[in-house]
file query11.cif (mmCIF, C-alpha atoms and all ligand atoms)
data_query
loop_
_atom_site.label_atom_id
_atom_site.label_comp_id
_atom_site.auth_asym_id
_atom_site.auth_seq_id
_atom_site.Cartn_x
_atom_site.Cartn_y
_atom_site.Cartn_z
CA MET A 2 -19.16 63.24 85.03
CA HIS A 3 -15.70 62.35 83.82
CA THR A 4 -13.56 63.47 80.90
CA LYS A 5 -13.19 61.02 78.02
CA GLY A 6 -12.29 62.36 74.59
CA THR A 7 -14.43 65.44 74.08
CA CYS A 8 -17.48 63.91 75.76
CA CYS A 9 -17.74 64.46 79.48
CA CYS A 10 -20.69 62.11 80.14
CA SER A 11 -20.64 58.32 80.28
CA PHE A 12 -23.63 56.11 79.49
CA GLU A 13 -23.90 55.53 83.25
CA ASP A 14 -24.28 59.30 83.81
CA TYR A 15 -27.17 59.44 81.33
CA LYS A 16 -28.73 56.36 82.92
CA LEU A 17 -28.41 57.74 86.42
CA THR A 18 -30.20 60.98 85.52
CA THR A 19 -32.87 59.11 83.56
CA GLU A 20 -33.55 56.73 86.43
CA TRP A 21 -33.62 59.62 88.91
CA LEU A 22 -36.29 61.39 86.82
CA LEU A 23 -38.28 58.20 86.22
CA ASN A 24 -38.32 57.63 89.98
CA GLN A 25 -39.47 61.19 90.70
CA THR A 26 -42.29 61.39 88.16
CA SER A 27 -44.97 59.13 86.75
CA HIS A 28 -44.94 61.12 83.49
CA ARG A 29 -43.56 59.15 80.54
CA PRO A 30 -43.04 61.80 77.84
CA LYS A 31 -43.31 61.03 74.14
CA VAL A 32 -42.61 64.59 73.01
CA ALA A 33 -39.86 66.93 74.21
CA VAL A 34 -40.05 70.68 73.64
CA ILE A 35 -36.89 72.75 74.06
CA CYS A 36 -37.79 76.38 74.73
CA GLY A 37 -35.25 78.98 73.62
CA SER A 38 -34.69 82.48 74.98
CA GLY A 39 -37.85 83.98 76.46
CA LEU A 40 -40.03 81.12 75.22
CA GLY A 41 -40.45 79.16 78.45
CA LEU A 42 -44.15 79.84 78.55
CA LEU A 43 -44.64 77.29 75.77
CA ALA A 44 -45.13 74.92 78.73
CA ASP A 45 -48.04 76.94 80.11
CA GLY A 46 -50.64 75.07 78.05
CA ALA A 47 -49.73 71.70 79.58
CA ALA A 48 -52.01 70.04 82.15
CA ASN A 49 -51.06 68.05 85.26
CA LYS A 50 -47.64 69.66 85.40
CA GLN A 51 -44.68 68.54 87.46
CA THR A 52 -41.63 70.81 87.55
CA PHE A 53 -37.99 70.23 88.44
CA LYS A 54 -35.30 72.89 88.74
CA TYR A 55 -32.23 72.01 86.69
CA GLN A 56 -30.04 72.48 89.75
CA ASP A 57 -31.89 69.65 91.52
CA ILE A 58 -31.47 67.12 88.70
CA PRO A 59 -28.28 65.02 88.88
CA HIS A 60 -25.70 65.97 86.21
CA PHE A 61 -27.99 68.59 84.63
CA PRO A 62 -26.28 71.87 83.69
CA VAL A 63 -27.91 75.08 84.96
CA SER A 64 -29.10 78.02 82.87
CA THR A 65 -27.09 81.22 83.13
CA VAL A 66 -28.77 83.36 80.43
CA PRO A 67 -31.63 85.82 81.13
CA GLY A 68 -34.87 84.49 79.65
CA HIS A 69 -33.99 80.86 80.51
CA GLU A 70 -35.82 79.80 83.68
CA GLY A 71 -33.87 76.57 84.10
CA ARG A 72 -36.80 74.23 84.72
CA LEU A 73 -37.87 70.88 83.34
CA VAL A 74 -41.66 70.67 83.15
CA PHE A 75 -43.55 67.44 82.59
CA GLY A 76 -47.19 67.71 81.56
CA MET A 77 -49.93 66.64 79.20
CA ILE A 78 -50.91 68.38 75.96
CA GLU A 79 -54.32 66.78 75.52
CA ASP A 80 -53.49 63.05 75.40
CA THR A 81 -49.78 63.45 74.72
CA PRO A 82 -47.29 63.21 77.58
CA CYS A 83 -44.66 65.93 77.08
CA VAL A 84 -41.57 67.34 78.69
CA PHE A 85 -40.59 70.99 78.29
CA MET A 86 -37.15 72.45 78.85
CA GLN A 87 -37.65 76.03 80.02
CA GLY A 88 -34.26 77.19 78.93
CA HIS A 89 -31.41 75.37 77.25
CA PHE A 90 -27.62 75.56 77.18
CA HIS A 91 -25.15 77.33 74.93
CA LEU A 92 -21.52 76.89 73.99
CA TYR A 93 -20.86 80.53 74.94
CA GLU A 94 -21.92 79.82 78.55
CA GLY A 95 -18.78 77.72 78.81
CA TYR A 96 -20.55 74.38 78.53
CA SER A 97 -19.11 71.58 76.41
CA LEU A 98 -21.38 70.37 73.62
CA CYS A 99 -21.73 67.16 75.58
CA GLN A 100 -23.30 69.19 78.41
CA VAL A 101 -25.35 71.31 75.97
CA THR A 102 -26.90 68.15 74.53
CA PHE A 103 -27.08 66.13 77.77
CA PRO A 104 -30.90 66.50 78.11
CA VAL A 105 -31.53 65.15 74.60
CA ARG A 106 -30.11 61.74 75.45
CA ILE A 107 -32.04 61.75 78.72
CA PHE A 108 -35.22 62.32 76.70
CA LYS A 109 -34.28 59.43 74.40
CA LEU A 110 -33.72 57.11 77.36
CA MET A 111 -37.04 58.23 78.88
CA GLY A 112 -38.89 57.14 75.72
CA VAL A 113 -39.29 60.45 73.86
CA GLU A 114 -39.86 60.00 70.11
CA LEU A 115 -40.28 63.54 68.85
CA MET A 116 -38.32 66.67 69.73
CA LEU A 117 -39.45 70.22 68.98
CA VAL A 118 -36.81 72.91 69.38
CA THR A 119 -37.51 76.63 69.47
CA ASN A 120 -35.09 79.52 69.61
CA ALA A 121 -34.45 83.10 68.59
CA SER A 122 -32.43 84.12 65.57
CA GLY A 123 -31.53 87.10 63.45
CA GLY A 124 -33.05 87.31 59.99
CA ILE A 125 -30.62 87.37 57.07
CA CYS A 126 -33.10 86.67 54.26
CA PRO A 127 -34.22 90.13 53.07
CA ASP A 128 -37.86 88.96 52.89
CA PHE A 129 -38.00 88.10 56.58
CA LYS A 130 -39.61 90.47 59.08
CA VAL A 131 -39.12 90.76 62.81
CA GLY A 132 -41.71 88.48 64.42
CA ASP A 133 -41.68 85.90 61.61
CA ILE A 134 -41.53 82.27 62.69
CA MET A 135 -39.09 80.32 60.55
CA ILE A 136 -39.60 76.58 60.18
CA ILE A 137 -36.10 75.17 59.97
CA LYS A 138 -35.76 73.34 56.70
CA ASP A 139 -32.05 72.70 57.08
CA HIS A 140 -29.10 73.98 59.07
CA ILE A 141 -25.42 74.85 58.81
CA ASN A 142 -23.32 73.70 61.74
CA LEU A 143 -20.61 76.35 61.61
CA PRO A 144 -18.95 75.39 64.94
CA GLY A 145 -19.01 71.79 63.65
CA PHE A 146 -16.84 72.83 60.69
CA ALA A 147 -14.22 73.85 63.24
CA GLY A 148 -14.44 70.63 65.24
CA GLN A 149 -16.91 71.89 67.86
CA HIS A 150 -19.29 69.01 67.25
CA PRO A 151 -21.33 67.10 69.86
CA LEU A 152 -20.62 63.73 68.25
CA CYS A 153 -16.82 64.10 68.25
CA GLY A 154 -15.12 61.62 70.54
CA PRO A 155 -15.77 57.92 71.05
CA ASN A 156 -19.12 56.90 69.56
CA ASP A 157 -21.55 55.09 71.83
CA GLU A 158 -23.46 52.68 69.59
CA ARG A 159 -26.20 52.46 72.23
CA PHE A 160 -27.22 55.93 71.05
CA GLY A 161 -26.48 55.77 67.34
CA ILE A 162 -24.07 55.06 64.54
CA ARG A 163 -20.63 56.61 64.03
CA PHE A 164 -21.49 58.40 60.78
CA PRO A 165 -25.13 59.51 60.89
CA SER A 166 -26.79 61.16 57.91
CA MET A 167 -28.08 64.69 58.53
CA SER A 168 -29.64 65.26 55.10
CA ASP A 169 -33.11 64.76 56.56
CA ALA A 170 -32.48 66.12 60.06
CA HIS A 171 -35.60 68.30 59.97
CA SER A 172 -38.69 66.17 59.40
CA LYS A 173 -40.47 66.99 56.15
CA ASP A 174 -43.82 65.69 57.47
CA LEU A 175 -43.63 67.87 60.54
CA ARG A 176 -42.63 70.91 58.51
CA GLY A 177 -45.69 70.37 56.33
CA LEU A 178 -47.86 70.00 59.40
CA VAL A 179 -46.69 73.36 60.78
CA LEU A 180 -47.70 75.00 57.51
CA ASP A 181 -51.19 73.41 57.84
CA VAL A 182 -51.43 74.47 61.48
CA GLY A 183 -50.41 78.01 60.46
CA VAL A 184 -53.31 78.15 58.01
CA GLU A 185 -55.75 76.82 60.64
CA LEU A 186 -54.59 79.41 63.18
CA GLY A 187 -54.65 82.22 60.62
CA CYS A 188 -50.97 83.03 61.02
CA SER A 189 -49.49 81.72 57.79
CA ASP A 190 -48.49 85.22 56.71
CA PHE A 191 -45.67 85.19 59.26
CA ILE A 192 -44.65 81.54 59.00
CA ARG A 193 -41.61 81.08 56.78
CA GLU A 194 -39.21 78.28 55.96
CA GLY A 195 -35.45 78.60 55.71
CA VAL A 196 -31.92 77.57 56.46
CA TYR A 197 -30.62 78.29 59.96
CA CYS A 198 -26.95 78.78 60.71
CA MET A 199 -25.48 78.28 64.16
CA VAL A 200 -22.58 80.40 65.36
CA SER A 201 -21.05 80.06 68.81
CA GLY A 202 -21.74 83.63 69.97
CA PRO A 203 -21.81 85.38 72.35
CA ASN A 204 -21.24 88.43 70.17
CA PHE A 205 -23.72 89.21 67.44
CA GLU A 206 -22.21 89.04 63.95
CA THR A 207 -20.01 91.63 62.31
CA ILE A 208 -21.37 92.94 59.03
CA ALA A 209 -18.69 91.07 57.08
CA GLU A 210 -19.66 87.82 58.88
CA ALA A 211 -23.34 88.43 58.21
CA ARG A 212 -22.63 89.03 54.52
CA MET A 213 -20.59 85.83 54.39
CA LEU A 214 -23.50 83.88 55.92
CA GLN A 215 -25.86 85.35 53.34
CA VAL A 216 -23.57 84.22 50.51
CA LEU A 217 -23.50 80.74 52.09
CA GLY A 218 -27.29 80.50 51.81
CA CYS A 219 -28.29 81.16 55.42
CA ASP A 220 -31.72 82.69 56.02
CA SER A 221 -31.19 83.23 59.74
CA VAL A 222 -28.43 83.00 62.33
CA GLY A 223 -28.50 82.06 65.99
CA MET A 224 -26.43 80.64 68.80
CA SER A 225 -28.14 77.34 69.63
CA MET A 226 -30.26 74.42 68.46
CA VAL A 227 -27.92 72.64 66.03
CA PRO A 228 -26.08 70.56 68.69
CA GLU A 229 -29.40 69.36 70.15
CA VAL A 230 -30.82 68.59 66.69
CA THR A 231 -27.65 66.68 65.72
CA VAL A 232 -27.68 64.53 68.87
CA ALA A 233 -31.43 63.95 68.57
CA LYS A 234 -31.09 62.81 64.98
CA HIS A 235 -28.12 60.60 65.90
CA CYS A 236 -30.24 58.75 68.47
CA GLY A 237 -33.24 58.39 66.18
CA LEU A 238 -35.59 61.14 67.35
CA ARG A 239 -37.81 62.96 64.88
CA VAL A 240 -37.03 66.66 64.94
CA LEU A 241 -38.71 69.94 64.16
CA GLY A 242 -37.07 73.33 64.71
CA LEU A 243 -38.87 76.66 64.87
CA SER A 244 -36.84 79.85 65.04
CA LEU A 245 -38.37 83.19 65.88
CA ILE A 246 -36.85 86.06 63.90
CA THR A 247 -36.22 88.61 66.64
CA ASN A 248 -34.16 91.11 64.64
CA LYS A 249 -32.85 91.79 61.20
CA VAL A 250 -29.14 91.12 60.94
CA SER A 251 -27.15 94.16 59.77
CA LEU A 252 -25.81 93.57 56.27
CA ASP A 253 -25.15 97.20 55.53
CA TYR A 254 -22.49 99.51 57.01
CA SER A 255 -24.88 102.46 56.86
CA ARG A 256 -27.40 100.79 59.19
CA GLU A 257 -27.30 102.39 62.65
CA GLU A 258 -29.46 99.97 64.69
CA LYS A 259 -27.66 97.44 66.87
CA VAL A 260 -29.26 94.24 68.12
CA ASN A 261 -29.25 93.42 71.84
CA HIS A 262 -30.54 90.58 74.02
CA GLU A 263 -33.29 92.74 75.58
CA GLU A 264 -34.78 93.33 72.13
CA VAL A 265 -34.54 89.59 71.43
CA LEU A 266 -36.49 88.85 74.63
CA GLU A 267 -39.08 91.52 73.84
CA ILE A 268 -39.92 89.97 70.46
CA CYS A 269 -40.04 86.50 72.05
CA LYS A 270 -42.56 87.84 74.56
CA MET A 271 -44.63 89.32 71.75
CA ARG A 272 -44.80 86.03 69.84
CA ALA A 273 -44.72 83.50 72.70
CA GLU A 274 -48.50 83.12 72.83
CA VAL A 275 -48.90 82.36 69.14
CA LEU A 276 -45.91 80.01 69.23
CA GLN A 277 -47.53 78.22 72.13
CA LYS A 278 -50.72 77.79 70.07
CA ILE A 279 -48.71 76.44 67.13
CA VAL A 280 -46.75 74.01 69.31
CA THR A 281 -49.89 72.82 71.15
CA LYS A 282 -51.85 72.27 67.94
CA LEU A 283 -48.90 70.57 66.31
CA ILE A 284 -48.54 68.11 69.18
CA THR A 285 -52.27 67.39 69.11
CA ARG A 286 -52.22 66.85 65.35
CA CYS A 287 -49.19 64.56 65.68
CA GLN A 288 -51.08 62.50 68.22
CA GLN A 289 -54.11 62.30 65.92
CA GLN A 290 -51.98 61.24 62.97
CA SER A 291 -49.57 59.16 65.08
CA ILE A 292 -46.87 61.03 63.16
CA ASN A 293 -44.64 60.97 66.23
CA THR A 294 -44.53 57.23 66.58
CA HIS A 295 -42.56 56.22 63.52
O1 LIG A 301 -31.53 80.28 73.38
P1 LIG A 301 -31.67 81.04 72.12
O2 LIG A 301 -30.85 80.48 71.03
O3 LIG A 301 -33.11 81.28 71.74
O4 LIG A 301 -31.05 82.49 72.48
C1 LIG A 301 -30.78 83.54 71.58
C2 LIG A 301 -29.40 83.39 71.01
C3 LIG A 301 -28.56 83.91 72.15
O5 LIG A 301 -28.45 82.94 73.15
C4 LIG A 301 -29.33 85.04 72.67
C5 LIG A 301 -28.98 86.32 71.99
O6 LIG A 301 -29.88 87.33 72.33
O7 LIG A 301 -30.71 84.71 72.37
O1 LIG A 302 -28.80 88.37 65.12
C1 LIG A 302 -28.56 87.36 65.80
N1 LIG A 302 -27.39 86.68 65.68
C2 LIG A 302 -27.11 85.58 66.42
N2 LIG A 302 -27.96 85.09 67.32
C3 LIG A 302 -29.13 85.70 67.49
N3 LIG A 302 -30.14 85.40 68.31
C4 LIG A 302 -31.10 86.32 68.10
N4 LIG A 302 -30.72 87.21 67.17
C5 LIG A 302 -29.48 86.83 66.76
#
call {"tool": "encode", "arguments": {"input": "query11.cif", "output": "structure tokens"}}
result
Amino acid sequence: MHTKGTCCCSFEDYKLTTEWLLNQTSHRPKVAVICGSGLGLLADGAANKQTFKYQDIPHFPVSTVPGHEGRLVFGMIEDTPCVFMQGHFHLYEGYSLCQVTFPVRIFKLMGVELMLVTNASGGICPDFKVGDIMIIKDHINLPGFAGQHPLCGPNDERFGIRFPSMSDAHSKDLRGLVLDVGVELGCSDFIREGVYCMVSGPNFETIAEARMLQVLGCDSVGMSMVPEVTVAKHCGLRVLGLSLITNKVSLDYSREEKVNHEEVLEICKMRAEVLQKIVTKLITRCQQQSINTH
């Protein structure tokens, strides 16, 4: 990789990695699933799996956070060829946003049409409970406001336009489908919809910051997802984000409890199975309705 503006990857880098993967596997994924902290087992339901460690894939960053296995898993969910990222990358790990979003453009070049992103976040909306699954209706790119944006730097038209719209970043059809799937699986009482805000981390929010985010209209806050969604939308992928509420964000100075990463992972473990069922059913329903192909 070389440095050019704020992007450290050239089109040739993306092509090299894509061609390397296409030569190593006969899978041709149509759906990509990015698994956030502790959610790697979303790939467990796939058949005919083929796995690559990130460290063995040219130009791929490696995962440094507990709960991120650092593996790319190709496999079939019924008739749909999928690729799962068991672990993704964060700004706070020291990666540039170009590195954080590197896999998204690889997926695009491999022929992926639909990207599902999962992660963990802290609930700000007072109605949310720990263990709720929030369908991301919209997001606030807080690092983006400060110039930490994955599309800053020279624009490569082979991926997308200079000034993409983000007003429909999170597919309305897919959001509706998750609600239907929730009813079918009998878990609609813990499926919510809301606005997700990304912060860079790695510290959890101060109470003043959390209160500010609440005033801004954020329902949950986390440290990932928005760069991947932005790059996916820029290159024409359809996107759905699901965020697991792993803790309630402190909005009150009298509250004693403090969030920690172990607790985040524990809640992810508790909900991973049901999230896997939702993701699997969603992919199957997309295939039936061909919702992923336009
Ligand atoms: O990868 P995600 O966004 O799910 O990870 C969450 C946010 C931080 O990386 C970490 C905090 O516990 O978990
Ligand atoms: O409370 C939180 N804040 C930021 N990121 C998070 N990821 C899980 N919980 C949180």
call {"tool": "atom_distance", "arguments": {"input": "query11.cif", "atom1": "atom CA of A:Ala170", "atom2": "atom CA of A:Ala48"}}
result
29.7 Å
call {"tool": "closest_atom_pairs", "arguments": {"input": "query11.cif", "of": "chain A", "to": "ligand LIG 301 (chain A)", "cutoff": "7 Å", "atoms": "only C-alpha atoms and all ligand atoms", "output": "Markdown table"}}
result
| residue | atom | partner | partner_atom | distance |
| --- | --- | --- | --- | --- |
| A:Gly37 | CA | A:LIG301 | O3 | 3.7 |
| A:Ser38 | CA | A:LIG301 | O3 | 3.8 |
| A:Gly88 | CA | A:LIG301 | O1 | 6.9 |
| A:His89 | CA | A:LIG301 | O1 | 6.3 |
| A:His91 | CA | A:LIG301 | O5 | 6.7 |
| A:Thr119 | CA | A:LIG301 | O3 | 6.8 |
| A:Asn120 | CA | A:LIG301 | O3 | 3.4 |
| A:Ala121 | CA | A:LIG301 | O3 | 3.9 |
| A:Ser122 | CA | A:LIG301 | C1 | 6.3 |
| A:Pro203 | CA | A:LIG301 | C3 | 6.9 |
| A:Gly223 | CA | A:LIG301 | C2 | 5.3 |
| A:Met224 | CA | A:LIG301 | C2 | 4.6 |
| A:Ser225 | CA | A:LIG301 | O2 | 4.4 |
| A:Met226 | CA | A:LIG301 | O2 | 6.6 |
| A:Asn261 | CA | A:LIG301 | O6 | 6.1 |
| A:His262 | CA | A:LIG301 | O6 | 3.7 |
| A:Val265 | CA | A:LIG301 | O6 | 5.3 |
call {"tool": "residues_near_ligand", "arguments": {"input": "query11.cif", "ligand": "ligand LIG 302 (chain A)", "cutoff": "12 Å", "atoms": "all atoms listed in the file", "output": "compact mmCIF listing (two decimals) with C-alpha atoms, in the coordinates of the input"}}
result
# COMPACT_ATOMS: atom_id res chain seq x y z
CA GLY A 37 -35.25 78.98 73.62
CA SER A 38 -34.69 82.48 74.98
CA GLY A 39 -37.85 83.98 76.46
CA HIS A 91 -25.15 77.33 74.93
CA TYR A 93 -20.86 80.53 74.94
CA THR A 119 -37.51 76.63 69.47
CA ASN A 120 -35.09 79.52 69.61
CA ALA A 121 -34.45 83.10 68.59
CA SER A 122 -32.43 84.12 65.57
CA GLY A 123 -31.53 87.10 63.45
CA GLY A 124 -33.05 87.31 59.99
CA ILE A 125 -30.62 87.37 57.07
CA CYS A 126 -33.10 86.67 54.26
CA VAL A 131 -39.12 90.76 62.81
CA GLY A 132 -41.71 88.48 64.42
CA TYR A 197 -30.62 78.29 59.96
CA CYS A 198 -26.95 78.78 60.71
CA MET A 199 -25.48 78.28 64.16
CA VAL A 200 -22.58 80.40 65.36
CA SER A 201 -21.05 80.06 68.81
CA GLY A 202 -21.74 83.63 69.97
CA PRO A 203 -21.81 85.38 72.35
CA ASN A 204 -21.24 88.43 70.17
CA PHE A 205 -23.72 89.21 67.44
CA GLU A 206 -22.21 89.04 63.95
CA THR A 207 -20.01 91.63 62.31
CA ILE A 208 -21.37 92.94 59.03
CA GLU A 210 -19.66 87.82 58.88
CA ALA A 211 -23.34 88.43 58.21
CA LEU A 214 -23.50 83.88 55.92
CA CYS A 219 -28.29 81.16 55.42
CA ASP A 220 -31.72 82.69 56.02
CA SER A 221 -31.19 83.23 59.74
CA VAL A 222 -28.43 83.00 62.33
CA GLY A 223 -28.50 82.06 65.99
CA MET A 224 -26.43 80.64 68.80
CA SER A 225 -28.14 77.34 69.63
CA MET A 226 -30.26 74.42 68.46
CA SER A 244 -36.84 79.85 65.04
CA LEU A 245 -38.37 83.19 65.88
CA ILE A 246 -36.85 86.06 63.90
CA THR A 247 -36.22 88.61 66.64
CA ASN A 248 -34.16 91.11 64.64
CA LYS A 249 -32.85 91.79 61.20
CA VAL A 250 -29.14 91.12 60.94
CA SER A 251 -27.15 94.16 59.77
CA LEU A 252 -25.81 93.57 56.27
CA GLU A 258 -29.46 99.97 64.69
CA LYS A 259 -27.66 97.44 66.87
CA VAL A 260 -29.26 94.24 68.12
CA ASN A 261 -29.25 93.42 71.84
CA HIS A 262 -30.54 90.58 74.02
CA GLU A 263 -33.29 92.74 75.58
CA GLU A 264 -34.78 93.33 72.13
CA VAL A 265 -34.54 89.59 71.43
CA LEU A 266 -36.49 88.85 74.63
CA GLU A 267 -39.08 91.52 73.84
CA ILE A 268 -39.92 89.97 70.46
CA CYS A 269 -40.04 86.50 72.05
call {"tool": "residues_around", "arguments": {"input": "query11.cif", "residues": "stretch 277-291 of chain A", "least_positions_apart": "6", "cutoff": "12 Å", "atoms": "only C-alpha atoms", "output": "PyMOL selection string"}}
result
chain A and resi 31-36+40-48+76-85+114-119+134+136+174-189+192+239+241-243+269-271
call {"tool": "atom_distance", "arguments": {"input": "query11.cif", "atom1": "atom CA of A:Arg163", "atom2": "atom CA of A:Met111"}}
result
22.2 Å
call {"tool": "residues_around", "arguments": {"input": "query11.cif", "residues": "A:Thr26", "least_positions_apart": "3", "cutoff": "10 Å", "atoms": "only C-alpha atoms", "output": "list in words"}}
result
Trp21, Leu22, Leu23, Arg29, Gln51, Thr52, Phe53 and Phe75 of chain A
call {"tool": "atom_distance", "arguments": {"input": "query11.cif", "atom1": "atom CA of A:Asp139", "atom2": "atom CA of A:Gly237"}}
result
17.0 Å
call {"tool": "axis_aligned_box", "arguments": {"input": "query11.cif", "around": "stretch 40-58 of chain A", "padding_each_side": "8 Å", "output": "lines of an AutoDock Vina configuration file"}}
result
center_x = -41.0
center_y = 74.1
center_z = 83.4
size_x = 38.0
size_y = 30.0
size_z = 32.3
call {"tool": "closest_atom_pairs", "arguments": {"input": "query11.cif", "of": "stretch 135-247 of chain A", "to": "stretch 99-109 of chain A", "cutoff": "7 Å", "atoms": "all atoms listed in the file", "output": "CSV"}}
result
residue,atom,partner,partner_atom,distance
A:Pro151,CA,A:Cys99,CA,5.7
A:Pro228,CA,A:Thr102,CA,6.4
A:Glu229,CA,A:Thr102,CA,5.2
A:Val232,CA,A:Thr102,CA,6.8
A:Ala233,CA,A:Val105,CA,6.1
call {"tool": "write_last_selection", "arguments": {"input": "query11.cif", "atoms": "C-alpha atoms", "output": "mmCIF file, in the coordinates of the input"}}
result
data_model
loop_
_atom_site.group_PDB
_atom_site.id
_atom_site.type_symbol
_atom_site.label_atom_id
_atom_site.label_comp_id
_atom_site.auth_asym_id
_atom_site.auth_seq_id
_atom_site.Cartn_x
_atom_site.Cartn_y
_atom_site.Cartn_z
ATOM 1 C CA PRO A 151 -21.330 67.100 69.860
ATOM 2 C CA PRO A 228 -26.080 70.560 68.690
ATOM 3 C CA GLU A 229 -29.400 69.360 70.150
ATOM 4 C CA VAL A 232 -27.680 64.530 68.870
ATOM 5 C CA ALA A 233 -31.430 63.950 68.570
#
call {"tool": "decode", "arguments": {"input": "query11.cif", "residues": "stretch 209-238 of chain A", "atoms": "C-alpha atoms", "output": "mmCIF file, in the first residue's frame"}}
result
data_model
loop_
_atom_site.group_PDB
_atom_site.id
_atom_site.type_symbol
_atom_site.label_atom_id
_atom_site.label_comp_id
_atom_site.auth_asym_id
_atom_site.auth_seq_id
_atom_site.Cartn_x
_atom_site.Cartn_y
_atom_site.Cartn_z
ATOM 1 C CA ALA A 209 -21.557 15.054 29.403
ATOM 2 C CA GLU A 210 -20.757 13.485 25.992
ATOM 3 C CA ALA A 211 -23.559 10.962 26.389
ATOM 4 C CA ARG A 212 -26.014 13.732 27.253
ATOM 5 C CA MET A 213 -24.872 15.695 24.212
ATOM 6 C CA LEU A 214 -25.477 12.656 21.975
ATOM 7 C CA GLN A 215 -28.948 12.263 23.433
ATOM 8 C CA VAL A 216 -29.762 15.900 22.636
ATOM 9 C CA LEU A 217 -28.492 15.299 19.081
ATOM 10 C CA GLY A 218 -31.064 12.528 18.594
ATOM 11 C CA CYS A 219 -28.843 9.462 18.965
ATOM 12 C CA ASP A 220 -30.479 6.266 20.219
ATOM 13 C CA SER A 221 -27.228 4.346 20.573
ATOM 14 C CA VAL A 222 -23.491 4.934 20.386
ATOM 15 C CA GLY A 223 -20.663 2.703 19.230
ATOM 16 C CA MET A 224 -17.173 2.725 17.786
ATOM 17 C CA SER A 225 -17.596 1.180 14.339
ATOM 18 C CA MET A 226 -19.837 0.504 11.346
ATOM 19 C CA VAL A 227 -20.310 3.992 9.886
ATOM 20 C CA PRO A 228 -17.092 3.980 7.782
ATOM 21 C CA GLU A 229 -17.999 0.594 6.274
ATOM 22 C CA VAL A 230 -21.597 1.687 5.609
ATOM 23 C CA THR A 231 -20.406 4.929 3.983
ATOM 24 C CA VAL A 232 -17.959 3.171 1.657
ATOM 25 C CA ALA A 233 -20.518 0.469 0.839
ATOM 26 C CA LYS A 234 -23.132 3.047 -0.066
ATOM 27 C CA HIS A 235 -20.578 5.006 -2.113
ATOM 28 C CA CYS A 236 -19.875 1.931 -4.250
ATOM 29 C CA GLY A 237 -23.537 1.030 -4.686
ATOM 30 C CA LEU A 238 -24.060 -1.784 -2.175
#
